[in-house]
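Before any comments, here is the structure.
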Amino acid sequence: MQKAELHRAELESLKREVAKLERGSSPAASAVRVSTGVPDLDASLGGGLARGALHEVFAQGMLDEAAAAAFVIGLALRASGKAPVVWIRQDFVGLELGEIYAPGLADLGLSPERLILVRARDAPAVLRAGEEAARCPPLGAVIIEPWGNPKSLDLVASRRLMLAAGRSGVPVFMLRAGGAPLPSAAATRWSVRAAASAPLEGEAPGHPACEVSLLRDRVGSIGRNWIVEWNRDVRSFTPVSPDRAALSRGLVPVSSGGPHPEGAARKRA
Amino acid sequence: MLVEKVKGASRIAAVSRKARQAGLAQGLTLADARARIPHLWVEEMNRQADLALLGDVAEDCDRATPIVVADAPDGLLLDVTGCGHLFGGEAQLRSKLSQRFRKAGLSVRTVIAGAPDTARALARHGRIAIVPAGGEVNAVRGLPLAALGLEPKDQLAISRAGLKTIGALIDRPSALFAARFGEQMTLKLARLQGLSPVSVETGHGLRDPAVVMRLFRERLDALADPLDPGFGFDLVRLCVLDAEPLAMLQPELDAHAIEADEVAHLADRLSARFGQDRVLRFVAVDTHNPDRAARIVPVLQETREDAQWPDLSVGEPPMRPMHIFVPPQTVSVAMAEVPDGPPRAFRWRRTEHRVIAHEGPERIAPEWWRESALEARDYYRVEDTEGRRFWLFRTGEYGDVELPRWFLHGAFG
């Protein structure tokens, strides 16, 4: 028992040592925090998302990948101001999830002329280009998108990205399309699921909305969920109250076998 | 005629012009040749002597240029860059040199071209004497496959596929050949066209040697077939293919410009390593056809940009998806709610999606002035019970002979 205690103490001190090293030469860069626009979420993160760090984002299912990507674009926009964004994407992701569509990015508030898209053949190329980009301080954000769970994406690879981000102060968002959590040095890890939007006039689908859970955070508390909406006009996430989420169309019975689809179920009072 | 013993039989190693006209060719056995033309003048091939002679000729070529490389057994490569004016032009240089060797009793073919491999192939297989700058590709198009210098079995395989000339190879995607015959072959093909295998390009003028070196390092690192210098390089030549004026920056005043510069350098490095066709940017196109609304071009390529991204109206949700499927994916729809409405439910990727909100139709008419005009499409933004938002469209109308078909074109965040 005592021996185990000792080992634990030793391990803890080593971890602190590593953390100190990883913070690198400029602790200021990684200490800068970016507000998401959702006060409760910021508080959970200890004042916002760390700027010079690696953040990992997963989609809960294949059909939530678009929601996860939109969440990452939102975070990148929060962090980048007007600076250029580099998006590195493995070829296979485009085949599975669809190609990046510039007018859609513009609709989310990311002006396409700010974006440099790198198409990488495989995961090692994605990581290599990602590290190169993460070392370029004038960038606003780097988004890297490998496919699945590649072998090359190990603890060393994520630590290198984390270090590069820490030194340059450029946030790196890793969209883990089609992937499952692996050991990683990322500062935060998120899981994203599509959420019902607030309906607009005429029952039109509304602004992008998603449910995010913080799976891991080096400093803050984890295991909580938030439903957030992306407001392009002010480039900010806004909280969605659980009441509205419950009231939203997802839980209203829809054309429940009624003979007239134009009936009461569709026309919500 | 000269003969040489190959696997026990005396075979023809080289023939005079006269003998060639009489139908003799390299590889024929001496016995066969004698059977056709009894009064042949035959000598034993002496490779050693040939090599010595080649050396002598090479030394003599010093009069034209200091850089002469023997291309054994019977060729010489002369780098005459910047030497032409001493002789009154490259054409003069060529004819003076040719005359000199003819007088000495040698039969020679000389070709001047922008790249050594181009000149070499044309001298051995072509008819052109001087290739104008930039004309390398056209000059080699008509050459036979043999000009590529492939292994006989590879050459046979390509000619069996019906490709007889270099031009036929150039017209096809190089990835095809790389997959079957290795990167080496595409590299040979590129060299033949005078394309330098190791070149880097930058988006803007550049003069910082450290930055240029870094670009070359990226480029060399990324070569599929690393350069093997053996005992080292005797000569490394750096050519500036393109030069442009450089604007001076004042660090104190142009902090912004310097940052932009750093991003441009990053794009240069990524292009050098991963290829220019993989480092891209988006250019707006003035069209309402969603398939053509954004062009994706290499960052380093200059393009005319007169179109603007559409203005966003405040309070409106995204009208275009962030992910787009090319081509659109078919979805199965049991029944639409109303003839010109969205489907009540659709099936895509083995999942049933129930539509609970929609907007549309947004009719996008075909661009009839284009050749491959599409059918008119009715687009809908839809949201399913799980909060997933999609971009669907329908072609064809109810009441047409065929039922309308539904496609999923994109996904919203």
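Residues are referred to by chain and number: the chain letter is A, B, ... according to the order shown in the structure tokens, the number counts from 1 in that chain, and ligands are numbered separately from 1 in the order shown.
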Next item on the list: For region 215-217 of chain B, please output as a list of chain:residue names all residues within 7 Å (counting only C-alpha atoms; exclusion window: fewer than 5 positions along the same chain).
Entry: B:Val200, B:Arg269, B:Ala272
Checklist line | Check: which chain A residues lie within 8 Å of chain B using only C-alpha atoms, as a VMD selection string | finding: chain A and resid 63 to 64 66 to 71 95 97 to 108 112 to 113 115 to 120 129 132 to 133 136 138 to 139 194 to 197 199 202 to 209 233 249 to 250 254 261 266
Output of the above residues as a compact mmCIF listing (two decimals), in the first residue's frame, restricted to N, CA and C atoms:
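Now in out.txt:
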```txt
# COMPACT_ATOMS: atom_id res chain seq x y z
N LEU A 63 -24.22 10.74 -38.40
CA LEU A 63 -25.12 11.77 -38.90
C LEU A 63 -24.94 13.09 -38.15
N ASP A 64 -24.10 13.07 -37.12
CA ASP A 64 -23.86 14.31 -36.37
C ASP A 64 -22.57 14.99 -36.81
N ALA A 66 -21.86 16.75 -39.38
CA ALA A 66 -22.04 18.14 -39.84
C ALA A 66 -22.19 19.08 -38.65
N ALA A 67 -22.92 18.63 -37.63
CA ALA A 67 -23.09 19.45 -36.42
C ALA A 67 -21.74 19.67 -35.74
N ALA A 68 -20.92 18.60 -35.69
CA ALA A 68 -19.60 18.71 -35.06
C ALA A 68 -18.73 19.70 -35.82
N ALA A 69 -18.78 19.63 -37.15
CA ALA A 69 -17.97 20.53 -37.97
C ALA A 69 -18.41 21.98 -37.77
N ALA A 70 -19.75 22.17 -37.69
CA ALA A 70 -20.25 23.54 -37.50
C ALA A 70 -19.83 24.07 -36.14
N PHE A 71 -19.83 23.20 -35.11
CA PHE A 71 -19.39 23.60 -33.77
C PHE A 71 -17.93 24.05 -33.83
N LEU A 95 -15.17 12.13 -49.14
CA LEU A 95 -16.01 11.10 -49.77
C LEU A 95 -17.13 10.68 -48.83
N LEU A 97 -18.31 12.34 -45.85
CA LEU A 97 -19.17 13.37 -45.25
C LEU A 97 -19.57 14.46 -46.22
N GLY A 98 -19.00 14.43 -47.43
CA GLY A 98 -19.26 15.51 -48.36
C GLY A 98 -18.12 16.50 -48.34
N GLU A 99 -17.94 17.21 -49.45
CA GLU A 99 -16.85 18.19 -49.54
C GLU A 99 -17.24 19.48 -48.82
N ILE A 100 -16.23 20.26 -48.48
CA ILE A 100 -16.49 21.55 -47.85
C ILE A 100 -17.08 22.48 -48.90
N TYR A 101 -18.19 23.12 -48.56
CA TYR A 101 -18.90 23.95 -49.52
C TYR A 101 -18.79 25.41 -49.09
N ALA A 102 -18.06 26.19 -49.89
CA ALA A 102 -17.72 27.56 -49.49
C ALA A 102 -18.95 28.43 -49.19
N PRO A 103 -20.02 28.40 -50.02
CA PRO A 103 -21.17 29.25 -49.67
C PRO A 103 -21.75 28.90 -48.31
N GLY A 104 -21.68 27.62 -47.93
CA GLY A 104 -22.17 27.21 -46.62
C GLY A 104 -21.29 27.74 -45.50
N LEU A 105 -19.98 27.80 -45.75
CA LEU A 105 -19.07 28.38 -44.74
C LEU A 105 -19.40 29.85 -44.56
N ALA A 106 -19.60 30.54 -45.69
CA ALA A 106 -19.94 31.96 -45.63
C ALA A 106 -21.22 32.15 -44.82
N ASP A 107 -22.18 31.23 -45.01
CA ASP A 107 -23.44 31.31 -44.28
C ASP A 107 -23.24 31.14 -42.77
N LEU A 108 -22.15 30.47 -42.39
CA LEU A 108 -21.88 30.31 -40.95
C LEU A 108 -21.06 31.48 -40.41
N PRO A 112 -15.06 32.69 -47.02
CA PRO A 112 -14.19 31.71 -47.69
C PRO A 112 -12.81 32.25 -48.07
N GLU A 113 -12.69 33.58 -48.30
CA GLU A 113 -11.36 34.07 -48.68
C GLU A 113 -10.36 34.02 -47.53
N LEU A 115 -9.95 31.33 -45.82
CA LEU A 115 -9.64 29.92 -45.57
C LEU A 115 -8.62 29.38 -46.58
N ILE A 116 -7.63 28.66 -46.05
CA ILE A 116 -6.75 27.87 -46.91
C ILE A 116 -7.10 26.41 -46.65
N LEU A 117 -7.46 25.69 -47.71
CA LEU A 117 -7.83 24.28 -47.57
C LEU A 117 -6.66 23.42 -48.03
N VAL A 118 -6.23 22.50 -47.18
CA VAL A 118 -5.18 21.56 -47.59
C VAL A 118 -5.81 20.19 -47.68
N ARG A 119 -5.71 19.56 -48.84
CA ARG A 119 -6.22 18.20 -48.98
C ARG A 119 -5.06 17.25 -48.79
N ALA A 120 -5.16 16.40 -47.80
CA ALA A 120 -4.06 15.48 -47.50
C ALA A 120 -4.47 14.07 -47.88
N ALA A 129 1.04 18.37 -41.91
CA ALA A 129 0.61 19.70 -42.34
C ALA A 129 0.03 20.47 -41.16
N GLU A 132 2.81 21.90 -39.07
CA GLU A 132 3.44 23.01 -39.79
C GLU A 132 2.58 24.28 -39.64
N ALA A 133 1.26 24.09 -39.83
CA ALA A 133 0.36 25.24 -39.74
C ALA A 133 0.27 25.77 -38.31
N CYS A 136 2.51 28.60 -37.11
CA CYS A 136 2.49 29.87 -37.83
C CYS A 136 1.62 30.88 -37.05
N PRO A 138 0.57 33.99 -37.12
CA PRO A 138 -0.49 34.89 -37.59
C PRO A 138 -1.81 34.19 -37.88
N LEU A 139 -1.84 32.85 -37.91
CA LEU A 139 -3.10 32.17 -38.21
C LEU A 139 -4.09 32.35 -37.06
N ALA A 194 -26.33 16.73 -33.09
CA ALA A 194 -27.25 17.71 -33.66
C ALA A 194 -28.40 17.94 -32.69
N ALA A 195 -28.91 19.16 -32.66
CA ALA A 195 -30.06 19.45 -31.81
C ALA A 195 -31.11 20.18 -32.62
N ALA A 196 -32.35 20.04 -32.18
CA ALA A 196 -33.45 20.70 -32.90
C ALA A 196 -33.23 22.21 -32.88
N SER A 197 -33.51 22.84 -34.01
CA SER A 197 -33.33 24.29 -34.09
C SER A 197 -34.62 24.96 -33.65
N PRO A 199 -37.63 26.89 -34.44
CA PRO A 199 -38.28 27.07 -35.75
C PRO A 199 -38.45 28.55 -36.08
N GLY A 202 -43.06 30.10 -40.53
CA GLY A 202 -43.43 29.14 -41.55
C GLY A 202 -42.79 27.78 -41.33
N GLU A 203 -42.43 27.49 -40.07
CA GLU A 203 -41.88 26.17 -39.75
C GLU A 203 -40.57 25.87 -40.45
N ALA A 204 -39.84 26.92 -40.82
CA ALA A 204 -38.57 26.70 -41.50
C ALA A 204 -37.51 26.31 -40.47
N PRO A 205 -36.60 25.42 -40.85
CA PRO A 205 -35.51 25.08 -39.94
C PRO A 205 -34.73 26.34 -39.58
N GLY A 206 -34.32 26.43 -38.31
CA GLY A 206 -33.71 27.66 -37.82
C GLY A 206 -32.20 27.64 -37.84
N HIS A 207 -31.62 28.39 -36.91
CA HIS A 207 -30.16 28.53 -36.85
C HIS A 207 -29.51 27.22 -36.40
N PRO A 208 -28.22 27.05 -36.73
CA PRO A 208 -27.54 25.82 -36.33
C PRO A 208 -27.59 25.66 -34.81
N ALA A 209 -27.91 24.47 -34.38
CA ALA A 209 -27.97 24.20 -32.95
C ALA A 209 -27.36 22.82 -32.71
N ASP A 233 -24.64 36.28 -37.06
CA ASP A 233 -24.59 37.73 -37.16
C ASP A 233 -23.66 38.35 -36.13
N ARG A 249 -39.51 21.25 -31.63
CA ARG A 249 -40.32 20.32 -32.41
C ARG A 249 -39.99 18.86 -32.21
N GLY A 250 -38.76 18.57 -31.82
CA GLY A 250 -38.35 17.19 -31.67
C GLY A 250 -39.29 16.39 -30.78
N VAL A 254 -45.49 14.46 -34.45
CA VAL A 254 -45.61 15.01 -35.78
C VAL A 254 -46.44 14.09 -36.66
N PRO A 261 -52.04 15.61 -43.47
CA PRO A 261 -50.73 16.08 -43.02
C PRO A 261 -50.74 17.58 -42.71
N ARG A 266 -48.76 19.74 -37.53
CA ARG A 266 -47.76 20.53 -38.22
C ARG A 266 -47.82 22.00 -37.83
```
Margin query: So that I can see what lies close to Leu122 (chain B), please list as a ChimeraX atom specification the residues with an atom at most 7 Å from it, counting only C-alpha atoms and leaving out residues fewer than 5 positions away in the same chain.
Written below: /B:111,127-128
Checklist line | Close residues, Pro245 (chain B) itself excluded, 10 Å, only C-alpha atoms, min 5 positions apart in chain, as number ranges by chain | finding: B: 204-206
Check: Where does DSSP see helix (DSSP H, G or I) in region 64-207 of chain A, if you list the residues as an MDAnalysis selection string?
Finding: chainID A and resid 64:80 91:97 102:108 112:114 123:134 155:168 201:203
Secondary structure check, strand (DSSP E or B) residues of region 164-332 of chain B, as a PDB file with C-alpha atoms, in the first residue's frame:
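Output contents, as saved in out_31.pdb:
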```pdb
ATOM      1  CA  THR B 165       3.951   7.752 -78.995  1.00  0.00           C
ATOM      2  CA  VAL B 279      -3.134  23.599 -51.086  1.00  0.00           C
ATOM      3  CA  LEU B 280      -6.256  25.409 -52.133  1.00  0.00           C
ATOM      4  CA  ARG B 281      -8.510  28.381 -51.727  1.00  0.00           C
ATOM      5  CA  PHE B 282     -12.072  29.181 -52.688  1.00  0.00           C
ATOM      6  CA  VAL B 283     -13.060  31.608 -55.417  1.00  0.00           C
ATOM      7  CA  ALA B 284     -16.624  32.856 -55.781  1.00  0.00           C
ATOM      8  CA  ALA B 294     -17.437  27.989 -55.614  1.00  0.00           C
ATOM      9  CA  ARG B 295     -14.293  27.228 -57.506  1.00  0.00           C
ATOM     10  CA  ILE B 296     -11.430  25.574 -55.677  1.00  0.00           C
ATOM     11  CA  VAL B 297      -8.052  26.680 -57.020  1.00  0.00           C
ATOM     12  CA  PRO B 298      -4.443  26.265 -55.897  1.00  0.00           C
ATOM     13  CA  HIS B 323     -20.905  19.857 -46.554  1.00  0.00           C
ATOM     14  CA  ILE B 324     -21.876  19.077 -50.119  1.00  0.00           C
ATOM     15  CA  PHE B 325     -22.013  15.737 -51.889  1.00  0.00           C
ATOM     16  CA  VAL B 326     -20.518  15.559 -55.342  1.00  0.00           C
ATOM     17  CA  PRO B 327     -22.445  14.045 -57.020  1.00  0.00           C
ATOM     18  CA  PRO B 328     -25.681  14.367 -55.024  1.00  0.00           C
ATOM     19  CA  GLN B 329     -26.738  11.179 -53.256  1.00  0.00           C
ATOM     20  CA  THR B 330     -29.970   9.447 -54.121  1.00  0.00           C
ATOM     21  CA  VAL B 331     -32.472   9.048 -51.324  1.00  0.00           C
ATOM     22  CA  SER B 332     -35.564   6.931 -51.376  1.00  0.00           C
TER      23      SER B 332
END
```
Checklist line | Exercise: Ser236 (chain A) partners within 7 Å, only C-alpha atoms, chain neighbours under 5 positions left out, as a count of residues only | finding: 5
Checklist line | For Arg216 (chain A): contacts at 7 Å, only C-alpha atoms, fewer than 5 positions along chain excluded, given as an MDAnalysis selection string | finding: chainID A and resid 188:189 222
Check: Pro181 (chain A): which residues within 9 Å, counting only C-alpha atoms, same-chain residues fewer than 5 positions away excluded, as a list in words?
Finding: Glu56, Phe58, Asn149, Arg176 and Arg189 of chain A
Item checked: Atomic separation - CA of Leu97 (chain B) relative to CA of Arg63 (chain B), Å -> 9.1 Å
Check: Quick one: of A:Ala134, A:Gly169, A:Gly179, A:Val240, who's nearest to Leu153 (chain A), counting only C-alpha atoms?
Finding: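 With only C-alpha atoms as the atom set, the closest residue is A:Gly179.
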